[in-house]
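Have a look at the structure below, then the notes.
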Amino acid sequence: MEDQTARRNLSLVLVRSTTSFHSLPASLVANILSRLPVKTLITSTSVNKSWYAFIKNPKFIHLKHSIKNGNQYLLLAPTCASTKSCSLINEKNYIEESKFEIPFQSGSIHIYSSCNGLVCLGDGFPLHLGQDLHLWNPSVKKHKHIQSSCYADLLKDCLKNHGVIGFGFHEDDNDYRIVRIIFRADDTANFFGGLAPWVEVYRLRSDTWRRVTANVPRLTDNNSWVFVNGSVYWLEAKRDNSSEWIVSFDFKNEVFGEFKLPRNFRHGVGKGANVVILEFKGSVSVCAFELTGDYGGSQRCSVWVRRENGGSISWVEQFKVVLKVLGWPLMFTKSGKLILQTLTNLVLCDLEELKFKELGNDGLYTGDASFVESFVLFEGGNSPFKHSKLAGHGSF
């Protein structure tokens, strides 16, 4: 329906106007086209060669990303071996809008995250996390298998080497990046002991991995991390749930950093509380939670959000509640609602009004709450960014 309405509105504009569409300035043409749904634009590439080149121009694709259409989605996939598709859930009503067939076969699926509609995912088997990677845009049905690595031999030995992933976007270069940390086990089986980790960064634009000389301050893992404002943030990995630090990696300067979690953030939840790092409305947040009853009971939960104002950093306790449902916090939606993974399904939690809604998705899930429809990879993924022109318009 949205697709048909957009095409009809564009047709009315062109019919009623006394100015030829081809005589409009390129910037205006780009602005008009960028507001059309992705499906309509894909159809428009078949109009002629000029339209094809114009719509597939990376500058136009970048403009399309910058204009928000108001639709917010959840991308969810079962983690089980029989997984063949992802579900696109509209956040307005939490109804499945469409399904996307996953373009590769795997014993299990793990969605790391998405950025501008480009999804980073891979094999979800614990020993394989951080190794076999894929970049996928389900909106345009384009997929890229990231097979190479500067440390391919190390990754083959998954018992002695542990790969940790971060995925994001470099705004200045208009490029997508993956950072991979390879923690190596020493003679005592310590992954952060006598052997320093190796680091490499992948650039989609050049389709290459590059070694990075950087000091990794602490052990991290793939179970808890987010990408916010140009940096990846991982929770320090500790077996006894005693994490006190967050490790960051800045894609622009390619340096690691670290900062402490808020003081007493487990207060009122319990010293042995589980902790996950999540994105909350564009900011880094940590969620501490501990079970207060048997399965089917309740759990205490505390959410702290990291605020930056004029260079100063502070932590604010956003929520401190008792949830009447038992589960593992997976993600916050764009509107700030928490999605819990229970033993049997997914539950949507409104932490302000303490309202709960089962999403009707049976089983265990992996997913992302920041997915948007986009054109990433439509221009070919790893092709150089070139200027193209639409006949009669020039470049923009």
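Identifiers in this document derive from the order of the structure tokens: chains are assigned A, B, ..., residues are numbered from 1 separately in each chain, and ligands are numbered from 1 in order of occurrence.
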Discussion item. Quick one: residues within 6 Å of stretch 112-129 of chain A, only C-alpha atoms, excluding same-chain residues fewer than 4 positions away - as a PyMOL selection string?
Written reply: chain A and resi 106+108+133-137+158+368+371-374
Just list the residues in stretch 171-378 of chain A DSSP gives strand (DSSP E) on the backbone, as a short mmCIF file (atom, residue, chain, number, x, y, z; two decimals) with N, CA, C and O atoms, in the first residue's frame.
data_model
loop_
_atom_site.label_atom_id
_atom_site.label_comp_id
_atom_site.auth_asym_id
_atom_site.auth_seq_id
_atom_site.Cartn_x
_atom_site.Cartn_y
_atom_site.Cartn_z
N ASP A 175 31.57 4.52 4.81
CA ASP A 175 31.98 3.14 4.60
C ASP A 175 31.63 2.31 5.83
O ASP A 175 31.56 2.82 6.95
N TYR A 176 31.44 1.03 5.59
CA TYR A 176 31.09 0.11 6.67
C TYR A 176 32.33 -0.66 7.10
O TYR A 176 33.15 -1.07 6.28
N ARG A 177 32.47 -0.86 8.41
CA ARG A 177 33.67 -1.47 8.97
C ARG A 177 33.31 -2.63 9.90
O ARG A 177 32.26 -2.62 10.56
N ILE A 178 34.20 -3.60 9.94
CA ILE A 178 34.13 -4.68 10.93
C ILE A 178 35.48 -4.71 11.65
O ILE A 178 36.53 -4.71 11.00
N VAL A 179 35.45 -4.70 12.95
CA VAL A 179 36.68 -4.89 13.72
C VAL A 179 36.62 -6.29 14.33
O VAL A 179 35.58 -6.72 14.83
N ARG A 180 37.73 -7.01 14.23
CA ARG A 180 37.78 -8.34 14.82
C ARG A 180 38.99 -8.42 15.76
O ARG A 180 40.12 -8.12 15.37
N ILE A 181 38.72 -8.80 17.00
CA ILE A 181 39.78 -9.03 17.98
C ILE A 181 39.95 -10.53 18.12
O ILE A 181 38.96 -11.25 18.31
N ILE A 182 41.18 -11.01 18.03
CA ILE A 182 41.44 -12.43 18.19
C ILE A 182 42.21 -12.63 19.49
O ILE A 182 43.39 -12.29 19.59
N PHE A 183 41.52 -13.15 20.49
CA PHE A 183 42.15 -13.46 21.77
C PHE A 183 42.76 -14.85 21.68
O PHE A 183 42.08 -15.81 21.28
N ARG A 184 44.02 -14.96 22.08
CA ARG A 184 44.76 -16.22 21.95
C ARG A 184 45.03 -16.82 23.31
O ARG A 184 45.49 -16.13 24.23
N TRP A 198 45.35 -10.12 18.72
CA TRP A 198 45.54 -9.52 17.41
C TRP A 198 44.27 -8.77 17.01
O TRP A 198 43.17 -9.16 17.40
N VAL A 199 44.45 -7.71 16.22
CA VAL A 199 43.31 -6.90 15.81
C VAL A 199 43.37 -6.66 14.31
O VAL A 199 44.45 -6.39 13.75
N GLU A 200 42.23 -6.75 13.63
CA GLU A 200 42.14 -6.44 12.21
C GLU A 200 40.83 -5.70 11.93
O GLU A 200 39.85 -5.86 12.68
N VAL A 201 40.83 -4.88 10.88
CA VAL A 201 39.66 -4.10 10.51
C VAL A 201 39.34 -4.36 9.05
O VAL A 201 40.22 -4.30 8.18
N TYR A 202 38.06 -4.64 8.78
CA TYR A 202 37.58 -4.86 7.42
C TYR A 202 36.88 -3.61 6.92
O TYR A 202 36.09 -2.99 7.64
N ARG A 203 37.17 -3.24 5.65
CA ARG A 203 36.51 -2.11 5.00
C ARG A 203 35.72 -2.63 3.82
O ARG A 203 36.28 -3.23 2.90
N THR A 208 38.69 -5.38 1.97
CA THR A 208 39.98 -5.85 2.47
C THR A 208 40.01 -5.81 3.99
O THR A 208 39.37 -4.98 4.63
N TRP A 209 40.80 -6.73 4.57
CA TRP A 209 41.14 -6.69 5.98
C TRP A 209 42.52 -6.06 6.13
O TRP A 209 43.38 -6.22 5.26
N ARG A 210 42.73 -5.36 7.22
CA ARG A 210 44.02 -4.73 7.48
C ARG A 210 44.37 -4.90 8.96
O ARG A 210 43.53 -4.70 9.84
N ARG A 211 45.62 -5.28 9.23
CA ARG A 211 46.07 -5.40 10.61
C ARG A 211 46.12 -4.02 11.27
O ARG A 211 46.50 -3.05 10.65
N THR A 220 36.95 -9.35 26.04
CA THR A 220 35.54 -9.13 25.71
C THR A 220 35.01 -10.37 24.99
O THR A 220 35.75 -11.30 24.68
N ASP A 221 33.69 -10.37 24.69
CA ASP A 221 33.14 -11.46 23.90
C ASP A 221 31.99 -10.95 23.04
O ASP A 221 31.66 -9.76 23.07
N ASN A 222 31.40 -11.85 22.27
CA ASN A 222 30.37 -11.47 21.31
C ASN A 222 28.97 -11.39 21.92
O ASN A 222 28.02 -11.03 21.24
N ASN A 223 28.84 -11.74 23.18
CA ASN A 223 27.52 -11.83 23.77
C ASN A 223 26.92 -10.49 24.16
O ASN A 223 25.71 -10.38 24.34
N SER A 224 27.75 -9.46 24.29
CA SER A 224 27.21 -8.19 24.78
C SER A 224 28.02 -7.03 24.21
O SER A 224 29.10 -6.70 24.71
N TRP A 225 27.49 -6.40 23.15
CA TRP A 225 28.14 -5.23 22.58
C TRP A 225 27.15 -4.43 21.75
O TRP A 225 26.11 -4.93 21.33
N VAL A 226 27.48 -3.14 21.52
CA VAL A 226 26.63 -2.26 20.71
C VAL A 226 27.51 -1.33 19.89
O VAL A 226 28.69 -1.12 20.20
N PHE A 227 26.92 -0.77 18.83
CA PHE A 227 27.58 0.28 18.04
C PHE A 227 26.78 1.55 18.22
O PHE A 227 25.58 1.59 17.92
N VAL A 228 27.44 2.61 18.72
CA VAL A 228 26.78 3.88 18.99
C VAL A 228 27.71 5.02 18.59
O VAL A 228 28.86 5.09 19.05
N SER A 231 31.43 4.30 17.38
CA SER A 231 32.28 3.41 18.18
C SER A 231 31.54 2.14 18.56
O SER A 231 30.31 2.14 18.70
N VAL A 232 32.31 1.08 18.75
CA VAL A 232 31.78 -0.18 19.25
C VAL A 232 32.08 -0.24 20.75
O VAL A 232 33.15 0.17 21.20
N TYR A 233 31.10 -0.76 21.50
CA TYR A 233 31.27 -0.89 22.95
C TYR A 233 30.97 -2.33 23.35
O TYR A 233 29.90 -2.87 23.05
N TRP A 234 31.96 -2.96 24.03
CA TRP A 234 31.79 -4.32 24.53
C TRP A 234 31.80 -4.31 26.06
O TRP A 234 32.51 -3.52 26.68
N LEU A 235 31.06 -5.22 26.64
CA LEU A 235 31.14 -5.43 28.08
C LEU A 235 32.35 -6.32 28.38
O LEU A 235 32.61 -7.28 27.66
N GLU A 236 33.09 -5.97 29.40
CA GLU A 236 34.20 -6.81 29.83
C GLU A 236 33.68 -8.22 30.12
O GLU A 236 32.63 -8.40 30.74
N TRP A 245 33.87 -2.99 33.71
CA TRP A 245 34.40 -2.11 32.68
C TRP A 245 33.68 -2.31 31.34
O TRP A 245 33.15 -3.39 31.07
N ILE A 246 33.72 -1.27 30.53
CA ILE A 246 33.29 -1.32 29.14
C ILE A 246 34.49 -0.98 28.27
O ILE A 246 35.23 -0.02 28.55
N VAL A 247 34.71 -1.76 27.22
CA VAL A 247 35.80 -1.53 26.27
C VAL A 247 35.21 -0.92 24.99
O VAL A 247 34.17 -1.36 24.52
N SER A 248 35.88 0.09 24.46
CA SER A 248 35.38 0.75 23.25
C SER A 248 36.42 0.71 22.14
O SER A 248 37.62 0.56 22.39
N PHE A 249 35.94 0.81 20.90
CA PHE A 249 36.82 0.93 19.74
C PHE A 249 36.26 1.99 18.81
O PHE A 249 35.11 1.89 18.36
N ASP A 250 37.05 3.01 18.55
CA ASP A 250 36.66 4.14 17.70
C ASP A 250 37.07 3.82 16.27
O ASP A 250 38.25 3.71 15.96
N VAL A 255 41.37 3.22 17.66
CA VAL A 255 41.98 3.06 18.98
C VAL A 255 40.95 2.50 19.95
O VAL A 255 39.75 2.72 19.80
N PHE A 256 41.47 1.75 20.93
CA PHE A 256 40.62 1.22 21.98
C PHE A 256 40.61 2.16 23.18
O PHE A 256 41.55 2.93 23.41
N GLY A 257 39.54 2.09 23.93
CA GLY A 257 39.43 2.83 25.17
C GLY A 257 38.70 1.98 26.19
O GLY A 257 38.24 0.86 25.90
N GLU A 258 38.58 2.47 27.39
CA GLU A 258 37.83 1.76 28.43
C GLU A 258 37.29 2.76 29.43
O GLU A 258 37.87 3.84 29.63
N PHE A 259 36.17 2.44 30.03
CA PHE A 259 35.65 3.26 31.12
C PHE A 259 34.83 2.37 32.04
O PHE A 259 34.31 1.33 31.65
N LYS A 260 34.71 2.81 33.29
CA LYS A 260 34.07 2.00 34.31
C LYS A 260 32.56 2.10 34.22
O LYS A 260 31.99 3.11 33.80
N ASN A 274 23.44 -10.67 36.56
CA ASN A 274 23.91 -10.72 35.17
C ASN A 274 23.87 -9.30 34.60
O ASN A 274 23.03 -8.48 34.99
N VAL A 275 24.76 -9.02 33.66
CA VAL A 275 24.84 -7.69 33.07
C VAL A 275 24.96 -7.82 31.55
O VAL A 275 25.72 -8.65 31.04
N VAL A 276 24.19 -7.00 30.82
CA VAL A 276 24.33 -6.92 29.37
C VAL A 276 24.42 -5.45 28.99
O VAL A 276 23.92 -4.58 29.70
N ILE A 277 25.09 -5.18 27.88
CA ILE A 277 25.17 -3.83 27.36
C ILE A 277 24.23 -3.72 26.16
O ILE A 277 24.20 -4.60 25.30
N LEU A 278 23.41 -2.67 26.15
CA LEU A 278 22.40 -2.49 25.11
C LEU A 278 22.38 -1.04 24.66
O LEU A 278 22.85 -0.15 25.38
N GLU A 279 21.84 -0.79 23.48
CA GLU A 279 21.61 0.59 23.04
C GLU A 279 20.23 1.03 23.51
O GLU A 279 19.23 0.32 23.32
N PHE A 280 20.17 2.20 24.12
CA PHE A 280 18.89 2.75 24.56
C PHE A 280 18.72 4.14 23.97
O PHE A 280 19.39 5.08 24.37
N SER A 283 21.95 5.81 22.94
CA SER A 283 23.00 5.90 23.95
C SER A 283 23.39 4.51 24.43
O SER A 283 22.62 3.55 24.32
N VAL A 284 24.60 4.40 25.00
CA VAL A 284 25.05 3.16 25.59
C VAL A 284 24.33 2.97 26.93
O VAL A 284 24.20 3.90 27.72
N SER A 285 23.84 1.77 27.18
CA SER A 285 23.21 1.47 28.45
C SER A 285 23.64 0.09 28.94
O SER A 285 24.09 -0.74 28.14
N VAL A 286 23.53 -0.12 30.24
CA VAL A 286 23.77 -1.45 30.81
C VAL A 286 22.54 -1.86 31.59
O VAL A 286 21.90 -1.04 32.25
N CYS A 287 22.22 -3.14 31.49
CA CYS A 287 21.06 -3.70 32.17
C CYS A 287 21.54 -4.78 33.12
O CYS A 287 22.13 -5.77 32.69
N ALA A 288 21.33 -4.56 34.42
CA ALA A 288 21.67 -5.56 35.43
C ALA A 288 20.38 -6.26 35.87
O ALA A 288 19.39 -5.60 36.15
N PHE A 289 20.41 -7.57 35.92
CA PHE A 289 19.19 -8.31 36.27
C PHE A 289 19.55 -9.59 37.01
O PHE A 289 20.59 -10.20 36.77
N GLU A 290 18.70 -9.97 37.92
CA GLU A 290 18.91 -11.19 38.70
C GLU A 290 17.56 -11.83 38.98
O GLU A 290 16.58 -11.14 39.26
N LEU A 291 17.52 -13.14 38.89
CA LEU A 291 16.28 -13.85 39.13
C LEU A 291 15.92 -13.81 40.61
O LEU A 291 16.78 -14.00 41.47
N GLN A 299 11.87 -11.10 38.20
CA GLN A 299 13.27 -10.75 38.29
C GLN A 299 13.42 -9.24 38.48
O GLN A 299 12.66 -8.45 37.94
N ARG A 300 14.41 -8.89 39.28
CA ARG A 300 14.73 -7.49 39.47
C ARG A 300 15.60 -7.01 38.33
O ARG A 300 16.44 -7.74 37.82
N CYS A 301 15.41 -5.77 37.93
CA CYS A 301 16.11 -5.24 36.76
C CYS A 301 16.42 -3.76 36.97
O CYS A 301 15.57 -2.99 37.41
N SER A 302 17.66 -3.39 36.64
CA SER A 302 18.09 -2.00 36.73
C SER A 302 18.78 -1.60 35.43
O SER A 302 19.65 -2.33 34.94
N VAL A 303 18.37 -0.47 34.85
CA VAL A 303 18.94 0.00 33.58
C VAL A 303 19.58 1.36 33.80
O VAL A 303 18.94 2.30 34.28
N TRP A 304 20.87 1.45 33.45
CA TRP A 304 21.63 2.70 33.54
C TRP A 304 22.00 3.16 32.14
O TRP A 304 22.43 2.36 31.31
N VAL A 305 21.87 4.46 31.88
CA VAL A 305 22.15 5.02 30.56
C VAL A 305 23.30 6.01 30.66
O VAL A 305 23.34 6.85 31.57
N ARG A 306 24.25 5.90 29.73
CA ARG A 306 25.42 6.79 29.69
C ARG A 306 25.08 8.06 28.92
O ARG A 306 24.67 8.00 27.77
N ARG A 307 25.24 9.20 29.56
CA ARG A 307 24.94 10.49 28.96
C ARG A 307 26.22 11.28 28.74
O ARG A 307 27.12 11.28 29.57
N GLU A 308 26.30 11.95 27.58
CA GLU A 308 27.42 12.84 27.28
C GLU A 308 26.89 14.24 27.04
O GLU A 308 25.98 14.45 26.24
N ASN A 309 27.44 15.20 27.75
CA ASN A 309 26.98 16.58 27.63
C ASN A 309 28.18 17.53 27.73
O ASN A 309 28.76 17.69 28.80
N SER A 312 31.44 16.14 29.18
CA SER A 312 31.33 15.45 30.46
C SER A 312 30.45 14.20 30.29
O SER A 312 29.49 14.20 29.53
N ILE A 313 30.80 13.16 31.02
CA ILE A 313 30.10 11.87 30.93
C ILE A 313 29.50 11.53 32.28
O ILE A 313 30.15 11.67 33.32
N SER A 314 28.27 11.07 32.26
CA SER A 314 27.61 10.67 33.50
C SER A 314 26.71 9.47 33.23
O SER A 314 26.35 9.19 32.09
N TRP A 315 26.36 8.76 34.30
CA TRP A 315 25.44 7.63 34.22
C TRP A 315 24.15 7.98 34.95
O TRP A 315 24.18 8.54 36.04
N VAL A 316 23.02 7.66 34.35
CA VAL A 316 21.72 7.93 34.93
C VAL A 316 20.96 6.61 35.05
O VAL A 316 20.88 5.85 34.08
N GLU A 317 20.41 6.35 36.23
CA GLU A 317 19.60 5.15 36.39
C GLU A 317 18.22 5.42 35.79
O GLU A 317 17.43 6.18 36.34
N GLN A 318 17.97 4.81 34.63
CA GLN A 318 16.74 5.07 33.88
C GLN A 318 15.55 4.29 34.44
O GLN A 318 14.44 4.82 34.54
N PHE A 319 15.80 3.03 34.81
CA PHE A 319 14.73 2.18 35.33
C PHE A 319 15.26 1.32 36.47
O PHE A 319 16.42 0.91 36.46
N LYS A 320 14.41 1.07 37.44
CA LYS A 320 14.69 0.11 38.50
C LYS A 320 13.36 -0.54 38.83
O LYS A 320 12.52 0.05 39.52
N VAL A 321 13.14 -1.74 38.31
CA VAL A 321 11.82 -2.36 38.36
C VAL A 321 11.92 -3.84 38.70
O VAL A 321 13.01 -4.43 38.68
N VAL A 322 10.79 -4.40 39.03
CA VAL A 322 10.65 -5.86 39.17
C VAL A 322 9.77 -6.34 38.02
O VAL A 322 8.61 -5.93 37.89
N LEU A 323 10.33 -7.18 37.19
CA LEU A 323 9.61 -7.70 36.03
C LEU A 323 8.87 -8.97 36.41
O LEU A 323 9.44 -9.87 37.02
N TRP A 328 15.91 -13.14 29.47
CA TRP A 328 17.20 -12.50 29.22
C TRP A 328 16.97 -11.28 28.33
O TRP A 328 16.39 -11.40 27.25
N PRO A 329 17.43 -10.08 28.76
CA PRO A 329 17.25 -8.88 27.93
C PRO A 329 18.00 -9.00 26.60
O PRO A 329 19.22 -9.17 26.58
N LEU A 330 17.27 -8.90 25.50
CA LEU A 330 17.88 -9.01 24.17
C LEU A 330 18.22 -7.65 23.58
O LEU A 330 19.30 -7.44 23.03
N MET A 331 17.26 -6.70 23.66
CA MET A 331 17.45 -5.41 23.00
C MET A 331 16.37 -4.43 23.45
O MET A 331 15.32 -4.84 23.96
N PHE A 332 16.65 -3.15 23.26
CA PHE A 332 15.63 -2.12 23.39
C PHE A 332 15.14 -1.76 22.00
O PHE A 332 15.93 -1.63 21.06
N LEU A 338 11.73 -2.85 26.21
CA LEU A 338 12.70 -3.93 26.34
C LEU A 338 12.11 -5.24 25.84
O LEU A 338 10.97 -5.58 26.13
N ILE A 339 12.90 -5.97 25.05
CA ILE A 339 12.49 -7.30 24.58
C ILE A 339 13.26 -8.35 25.37
O ILE A 339 14.49 -8.34 25.40
N LEU A 340 12.52 -9.23 26.03
CA LEU A 340 13.09 -10.32 26.81
C LEU A 340 12.95 -11.63 26.07
O LEU A 340 11.91 -11.90 25.46
N GLN A 341 14.00 -12.45 26.16
CA GLN A 341 13.93 -13.82 25.65
C GLN A 341 13.64 -14.74 26.82
O GLN A 341 14.45 -14.87 27.74
N ASN A 345 9.52 -18.00 24.46
CA ASN A 345 9.17 -17.00 23.44
C ASN A 345 9.77 -15.64 23.77
O ASN A 345 10.59 -15.51 24.69
N LEU A 346 9.36 -14.62 23.01
CA LEU A 346 9.81 -13.25 23.23
C LEU A 346 8.69 -12.45 23.90
O LEU A 346 7.51 -12.62 23.58
N VAL A 347 9.09 -11.57 24.83
CA VAL A 347 8.13 -10.75 25.56
C VAL A 347 8.54 -9.30 25.45
O VAL A 347 9.72 -8.95 25.67
N LEU A 348 7.61 -8.43 25.10
CA LEU A 348 7.83 -6.99 25.01
C LEU A 348 7.47 -6.36 26.35
O LEU A 348 6.37 -6.56 26.87
N CYS A 349 8.42 -5.60 26.92
CA CYS A 349 8.22 -5.01 28.25
C CYS A 349 8.25 -3.49 28.18
O CYS A 349 9.25 -2.90 27.74
N ASP A 350 7.17 -2.86 28.63
CA ASP A 350 7.14 -1.41 28.80
C ASP A 350 7.57 -1.13 30.23
O ASP A 350 6.81 -1.33 31.18
N LYS A 355 3.99 -2.90 31.62
CA LYS A 355 3.06 -3.69 30.83
C LYS A 355 3.86 -4.68 30.00
O LYS A 355 4.96 -4.38 29.53
N PHE A 356 3.30 -5.86 29.78
CA PHE A 356 4.00 -6.94 29.09
C PHE A 356 3.13 -7.51 27.98
O PHE A 356 1.92 -7.63 28.13
N LYS A 357 3.78 -7.88 26.89
CA LYS A 357 3.06 -8.43 25.74
C LYS A 357 3.90 -9.52 25.10
O LYS A 357 5.05 -9.31 24.74
N GLU A 358 3.32 -10.70 24.98
CA GLU A 358 4.00 -11.78 24.27
C GLU A 358 3.94 -11.51 22.78
O GLU A 358 2.89 -11.18 22.24
N LEU A 359 5.10 -11.64 22.11
CA LEU A 359 5.16 -11.34 20.68
C LEU A 359 4.74 -12.53 19.82
O LEU A 359 4.65 -12.41 18.60
N GLY A 360 4.54 -13.66 20.44
CA GLY A 360 4.05 -14.81 19.69
C GLY A 360 5.11 -15.52 18.89
O GLY A 360 4.80 -16.30 17.99
N ASN A 361 6.37 -15.23 19.19
CA ASN A 361 7.47 -15.89 18.48
C ASN A 361 8.01 -17.02 19.36
O ASN A 361 8.76 -16.77 20.31
N ASP A 362 7.66 -18.24 19.07
CA ASP A 362 8.08 -19.38 19.89
C ASP A 362 9.54 -19.73 19.61
O ASP A 362 10.01 -19.65 18.47
N TYR A 365 15.63 -16.69 19.95
CA TYR A 365 15.81 -15.78 18.82
C TYR A 365 17.09 -14.96 18.93
O TYR A 365 17.62 -14.71 20.00
N THR A 366 17.56 -14.56 17.77
CA THR A 366 18.60 -13.56 17.64
C THR A 366 18.01 -12.43 16.79
O THR A 366 17.12 -12.67 15.96
N GLY A 367 18.47 -11.20 17.01
CA GLY A 367 17.84 -10.12 16.25
C GLY A 367 18.48 -8.77 16.44
O GLY A 367 19.52 -8.63 17.08
N ASP A 368 17.82 -7.77 15.86
CA ASP A 368 18.31 -6.40 15.90
C ASP A 368 17.11 -5.46 15.87
O ASP A 368 16.14 -5.71 15.15
N ALA A 369 17.19 -4.37 16.64
CA ALA A 369 16.07 -3.44 16.75
C ALA A 369 16.30 -2.14 16.00
O ALA A 369 15.51 -1.21 16.13
N SER A 370 17.35 -2.07 15.20
CA SER A 370 17.66 -0.82 14.50
C SER A 370 17.56 -0.96 12.98
O SER A 370 18.07 -0.12 12.24
N PHE A 371 16.91 -2.02 12.51
CA PHE A 371 16.87 -2.27 11.07
C PHE A 371 15.99 -1.25 10.35
O PHE A 371 14.90 -0.89 10.80
#
Practice prompt. Determine, counting only C-alpha atoms, which protein, DNA and RNA residues have an atom within 10 Å of an atom of A:Phe191; residues of the same chain fewer than 3 positions away are not included. Present the result as a list in words.
Written response: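 My reading of the contact set: Lys160, Asn161, His162, Ile182, Phe183, Arg184, Ala185, Asp186, Asp187, Thr188, Gly194, Leu195, Ala196, Pro197, Leu219 and Thr220 of chain A.
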Item to complete: Would you mind reading off the distance between atom CA of A:His145 and atom CA of A:Phe167, one decimal, in Å?
Response: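 Computing the Euclidean distance for atom CA of A:His145 and atom CA of A:Phe167 yields 14.6 Å.
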